[in-house]
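A.B. asks: mmCIF, C-alpha atoms, file coords-v8.cif:
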data_work
#
loop_
_atom_site.group_PDB
_atom_site.id
_atom_site.type_symbol
_atom_site.label_atom_id
_atom_site.label_comp_id
_atom_site.auth_asym_id
_atom_site.auth_seq_id
_atom_site.Cartn_x
_atom_site.Cartn_y
_atom_site.Cartn_z
ATOM 1 C CA MET A 14 -25.907 4.443 -35.493
ATOM 2 C CA SER A 15 -23.011 4.727 -33.113
ATOM 3 C CA SER A 16 -21.936 2.436 -30.374
ATOM 4 C CA GLY A 17 -21.409 3.778 -26.882
ATOM 5 C CA GLY A 18 -17.948 3.899 -25.383
ATOM 6 C CA PRO A 19 -16.913 2.114 -22.245
ATOM 7 C CA HIS A 20 -18.653 3.210 -19.085
ATOM 8 C CA GLY A 21 -16.803 4.814 -16.198
ATOM 9 C CA LEU A 22 -13.834 7.091 -16.090
ATOM 10 C CA PRO A 23 -11.107 6.542 -18.659
ATOM 11 C CA ASN A 24 -7.660 5.466 -17.444
ATOM 12 C CA VAL A 25 -8.784 5.144 -13.824
ATOM 13 C CA GLU A 26 -8.033 1.894 -12.055
ATOM 14 C CA ALA A 27 -10.405 0.979 -9.259
ATOM 15 C CA ILE A 28 -8.788 0.381 -5.891
ATOM 16 C CA LYS A 29 -8.934 -3.323 -5.306
ATOM 17 C CA PRO A 30 -9.757 -4.480 -1.785
ATOM 18 C CA PRO A 31 -6.757 -5.987 -0.016
ATOM 19 C CA ASP A 32 -6.241 -9.734 -0.175
ATOM 20 C CA LEU A 33 -4.775 -9.772 3.347
ATOM 21 C CA THR A 34 -5.087 -7.309 6.200
ATOM 22 C CA LEU A 35 -2.275 -7.311 8.731
ATOM 23 C CA THR A 36 -3.159 -5.847 12.128
ATOM 24 C CA GLY A 37 -1.603 -5.658 15.548
ATOM 25 C CA THR A 38 1.701 -7.228 16.452
ATOM 26 C CA LEU A 39 2.744 -10.236 14.396
ATOM 27 C CA ASP A 40 4.112 -13.235 16.263
ATOM 28 C CA ARG A 41 5.299 -16.536 14.784
ATOM 29 C CA GLU A 42 1.843 -18.128 14.897
ATOM 30 C CA ALA A 43 0.211 -15.166 13.130
ATOM 31 C CA THR A 44 3.018 -15.106 10.565
ATOM 32 C CA HIS A 45 2.581 -18.820 9.831
ATOM 33 C CA ARG A 46 -1.193 -18.365 9.444
ATOM 34 C CA LEU A 47 -0.737 -15.348 7.124
ATOM 35 C CA CYS A 48 1.804 -17.193 4.968
ATOM 36 C CA GLU A 49 -0.558 -20.130 4.562
ATOM 37 C CA GLU A 50 -3.420 -17.761 3.702
ATOM 38 C CA ALA A 51 -1.196 -15.955 1.173
ATOM 39 C CA ARG A 52 -0.186 -19.237 -0.482
ATOM 40 C CA VAL A 53 -3.791 -20.425 -0.768
ATOM 41 C CA THR A 54 -4.992 -17.051 -2.066
ATOM 42 C CA LEU A 55 -2.317 -16.853 -4.769
ATOM 43 C CA GLN A 56 -2.828 -20.454 -5.884
ATOM 44 C CA ALA A 57 -6.623 -20.065 -6.003
ATOM 45 C CA SER A 58 -6.553 -16.911 -8.130
ATOM 46 C CA ASP A 59 -4.880 -16.025 -11.379
ATOM 47 C CA ALA A 60 -3.420 -12.844 -9.847
ATOM 48 C CA ASP A 61 0.313 -12.504 -9.421
ATOM 49 C CA VAL A 62 0.132 -9.699 -6.837
ATOM 50 C CA LEU A 63 -1.116 -10.142 -3.293
ATOM 51 C CA VAL A 64 -2.178 -6.818 -1.767
ATOM 52 C CA CYS A 65 -1.482 -6.641 1.978
ATOM 53 C CA ASP A 66 -3.068 -3.758 3.872
ATOM 54 C CA VAL A 67 -0.686 -2.812 6.692
ATOM 55 C CA THR A 68 -2.458 0.378 7.820
ATOM 56 C CA ASP A 69 -3.218 -1.040 11.267
ATOM 57 C CA LEU A 70 -0.033 -3.042 11.699
ATOM 58 C CA GLY A 71 1.570 -2.594 15.097
ATOM 59 C CA PRO A 72 4.807 -0.719 15.703
ATOM 60 C CA PRO A 73 7.544 -1.211 13.113
ATOM 61 C CA VAL A 74 9.705 -3.816 14.823
ATOM 62 C CA LEU A 75 11.914 -6.551 13.434
ATOM 63 C CA ALA A 76 9.151 -9.124 14.003
ATOM 64 C CA ALA A 77 7.017 -7.220 11.480
ATOM 65 C CA VAL A 78 9.916 -7.149 9.007
ATOM 66 C CA ASP A 79 10.425 -10.900 9.524
ATOM 67 C CA ALA A 80 6.717 -11.529 8.859
ATOM 68 C CA LEU A 81 6.784 -9.413 5.694
ATOM 69 C CA ALA A 82 9.927 -11.158 4.457
ATOM 70 C CA ARG A 83 8.300 -14.559 5.032
ATOM 71 C CA LEU A 84 5.146 -13.396 3.240
ATOM 72 C CA GLN A 85 7.224 -12.211 0.308
ATOM 73 C CA LEU A 86 9.092 -15.536 0.150
ATOM 74 C CA THR A 87 5.811 -17.482 0.303
ATOM 75 C CA ALA A 88 4.345 -15.361 -2.486
ATOM 76 C CA ARG A 89 7.426 -15.880 -4.683
ATOM 77 C CA ARG A 90 7.258 -19.638 -4.161
ATOM 78 C CA ALA A 91 3.603 -19.505 -5.262
ATOM 79 C CA GLY A 92 4.571 -17.544 -8.379
ATOM 80 C CA GLY A 93 3.598 -14.072 -7.205
ATOM 81 C CA ARG A 94 4.676 -11.119 -5.126
ATOM 82 C CA ILE A 95 3.218 -8.932 -2.384
ATOM 83 C CA ARG A 96 2.396 -5.238 -2.401
ATOM 84 C CA LEU A 97 2.027 -3.304 0.847
ATOM 85 C CA ARG A 98 -0.856 -0.859 1.079
ATOM 86 C CA ASN A 99 -0.515 2.186 3.354
ATOM 87 C CA PRO A 100 2.595 1.337 5.353
ATOM 88 C CA ALA A 101 3.560 3.832 8.036
ATOM 89 C CA PRO A 102 6.609 5.971 7.214
ATOM 90 C CA ASP A 103 8.533 4.270 10.058
ATOM 91 C CA LEU A 104 7.838 0.843 8.561
ATOM 92 C CA ARG A 105 8.926 1.981 5.082
ATOM 93 C CA GLU A 106 12.126 3.370 6.569
ATOM 94 C CA LEU A 107 12.824 0.145 8.486
ATOM 95 C CA LEU A 108 12.244 -1.970 5.363
ATOM 96 C CA HIS A 109 14.657 0.243 3.465
ATOM 97 C CA LEU A 110 17.187 0.086 6.305
ATOM 98 C CA VAL A 111 17.248 -3.719 6.407
ATOM 99 C CA GLY A 112 17.331 -3.913 2.599
ATOM 100 C CA LEU A 113 14.007 -5.657 2.049
ATOM 101 C CA PRO A 114 12.588 -4.327 -1.225
ATOM 102 C CA MET A 115 8.803 -4.146 -1.234
ATOM 103 C CA GLU A 116 6.236 -2.763 -3.628
ATOM 104 C CA ILE A 117 4.355 -0.022 -1.835
ATOM 105 C CA GLU A 118 0.927 1.388 -2.610
ATOM 106 C CA VAL A 119 -0.132 4.542 -0.811
ATOM 107 C CA ASP A 120 -3.690 5.895 -0.931
ATOM 108 C CA ARG A 121 -3.724 9.528 -1.913
ATOM 109 C CA GLN A 122 -5.568 11.885 0.357
ATOM 110 C CA ALA A 123 -6.853 15.268 -0.738
ATOM 111 C CA GLU A 124 -5.667 16.958 2.473
ATOM 112 C CA GLN A 125 -2.048 16.278 1.566
ATOM 113 C CA ARG A 126 -2.128 18.117 -1.746
ATOM 114 C CA GLU A 127 -0.299 21.372 -2.246
ATOM 115 C CA PRO A 128 -2.410 24.370 -3.273
ATOM 116 C CA PRO A 129 -2.027 25.362 -6.915
ATOM 117 C CA GLY A 130 0.598 27.991 -7.602
ATOM 118 C CA ARG A 131 -0.175 31.696 -7.985
ATOM 119 C CA VAL A 132 -3.582 31.484 -6.299
ATOM 120 C CA GLN A 133 -4.566 34.256 -3.923
ATOM 121 C CA GLU A 134 -6.877 33.241 -1.131
ATOM 122 C CA ALA A 135 -7.944 36.740 -0.192
ATOM 123 C CA VAL A 136 -7.529 40.081 -1.892
ATOM 124 C CA GLU A 137 -6.766 43.238 0.032
ATOM 125 C CA ALA A 138 -7.559 46.611 -1.532
ATOM 126 C CA ARG A 139 -3.921 47.712 -1.310
ATOM 127 C CA ASP A 140 -2.415 44.454 -2.708
ATOM 128 C CA PRO A 141 -0.620 44.864 -6.036
ATOM 129 C CA PRO A 142 -1.944 42.756 -8.916
ATOM 130 C CA LEU A 143 -0.065 39.557 -9.768
#
Turn this file's structure into structure tokens for me.
C.D. replies:
Amino acid sequence: MSSGGPHGLPNVEAIKPPDLTLTGTLDREATHRLCEEARVTLQASDADVLVCDVTDLGPPVLAAVDALARLQLTARRAGGRIRLRNPAPDLRELLHLVGLPMEIEVDRQAEQREPPGRVQEAVEARDPPL
């Protein structure tokens, strides 16, 4: 008799839903509310990473950087850290420019992959073989 192995794909981590979703333009009131929500979420769970989906965050302005810095500080005080999911390239560049290190998680999309090397899409009768 043999026992079955674990179900599912090996070495594949499921994408966890975000703990916080940041949308629109962040003002001081929204930042305060998000920081409080981050603190409560980290203290209520045993996780040390708070995933913040920033896909629909407004334009990358300093107010957004300020909000992310405050979120990061709140998470550190609660014993954790934040990870940004799907930040726009402009936001990543601005974070780098101001020197605010952030963990970044980017969803992979099949459309962005490069085609495999040495693959011919169509063959013409007069094409030389590879």
A.B. asks: For A:Val111, which residue out of A:Ala77, A:Val62, A:Lys29, A:Ile95 is the nearest one, using all atoms listed in the file?
C.D. replies: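 Once distances to A:Val111 are computed over all atoms listed in the file, the minimum belongs to A:Ala77.
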A.B. asks: Looking at A:Gln56, A:Asp61, A:Glu49, A:Thr44, which one is nearest to A:Ala82, with distances taken over all atoms listed in the file?
C.D. replies: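 Residue with the minimum atom-to-atom distance to A:Ala82: A:Thr44.
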A.B. asks: If we count only C-alpha atoms, what is near A:Val64 at a cut-off of 6 Å, once residues fewer than 6 positions away on the same chain are taken out, given as a CSV table (one decimal) with C-alpha atoms, keeping the file's coordinate frame?
C.D. replies:
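In the end it all went to around-v8.csv:
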chain,number,residue,atom,x,y,z
A,31,PRO,CA,-6.8,-6.0,0.0
A,32,ASP,CA,-6.2,-9.7,-0.2
A,95,ILE,CA,3.2,-8.9,-2.4
A,96,ARG,CA,2.4,-5.2,-2.4
A.B. asks: Considering all atoms listed in the file, can you say which of A:Ala51, A:Leu63, A:Leu110, A:Ala57 comes closest to A:Arg98?
C.D. replies: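 Among the listed residues, the smallest separation from A:Arg98 belongs to A:Leu63.
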A.B. asks: Identify, on the basis of all atoms listed in the file, every residue whose closest approach to A:Val119 does not exceed 10 Å; exclude the query and any residue fewer than 4 positions from it along the same chain; express the result as a PyMOL selection string.
C.D. replies: chain A and resi 66+68+97-101
A.B. asks: What separation in Å, quoted to one decimal, exists between atom CA of A:Ala60 and atom CA of A:Gly93?
C.D. replies: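 Separation between atom CA of A:Ala60 and atom CA of A:Gly93: 7.6 Å.
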A.B. asks: Would you compute the distance between atom CA of A:Arg94 and atom CA of A:Glu106? Give it in Å to one decimal.
C.D. replies: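 For atom CA of A:Arg94 relative to atom CA of A:Glu106, the distance reads 20.1 Å.
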A.B. asks: Kindly compute an axis-aligned box around the listed atoms of stretch 53-65 of chain A, allowing 3 Å on each side, and express its centre and edge lengths in Å to one decimal as JSON.
C.D. replies:
{"center_x": -3.2, "center_y": -13.5, "center_z": -4.7, "size_x": 12.9, "size_y": 19.8, "size_z": 19.4}
A.B. asks: Would you mind reading off the distance between atom CA of A:Arg105 and atom CA of A:Thr87, one decimal, in Å?
C.D. replies: 20.3 Å
A.B. asks: I need the residue set behind the PyMOL selection byres ((chain A and resi 45) around 12) for this file; please write it as JSON, numbers by chain.
C.D. replies: {"A": [39, 40, 41, 42, 43, 44, 46, 47, 48, 49, 50, 51, 52, 79, 80, 81, 82, 83, 84, 87]}
A.B. asks: Pick the closest to A:Leu55 from A:Leu104, A:Leu33, A:Ala91, A:Leu113: which is it, counting only C-alpha atoms?
C.D. replies: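 Closest residue, counting only C-alpha atoms: A:Ala91.
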A.B. asks: Looking at A:Val53, A:Leu70, A:Ile117, A:Ala76, which one is nearest to A:Leu35, with distances taken over all atoms listed in the file?
C.D. replies: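 Among the listed residues, A:Leu70 lies closest to A:Leu35.
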A.B. asks: Which residue out of A:Pro114, A:Leu107, A:Arg90, A:Gln85 has the minimum interatomic distance to A:Cys65 when only C-alpha atoms are used?
C.D. replies: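 Going through A:Pro114, A:Leu107, A:Arg90, A:Gln85 one by one, the smallest distance to A:Cys65 is for A:Gln85.
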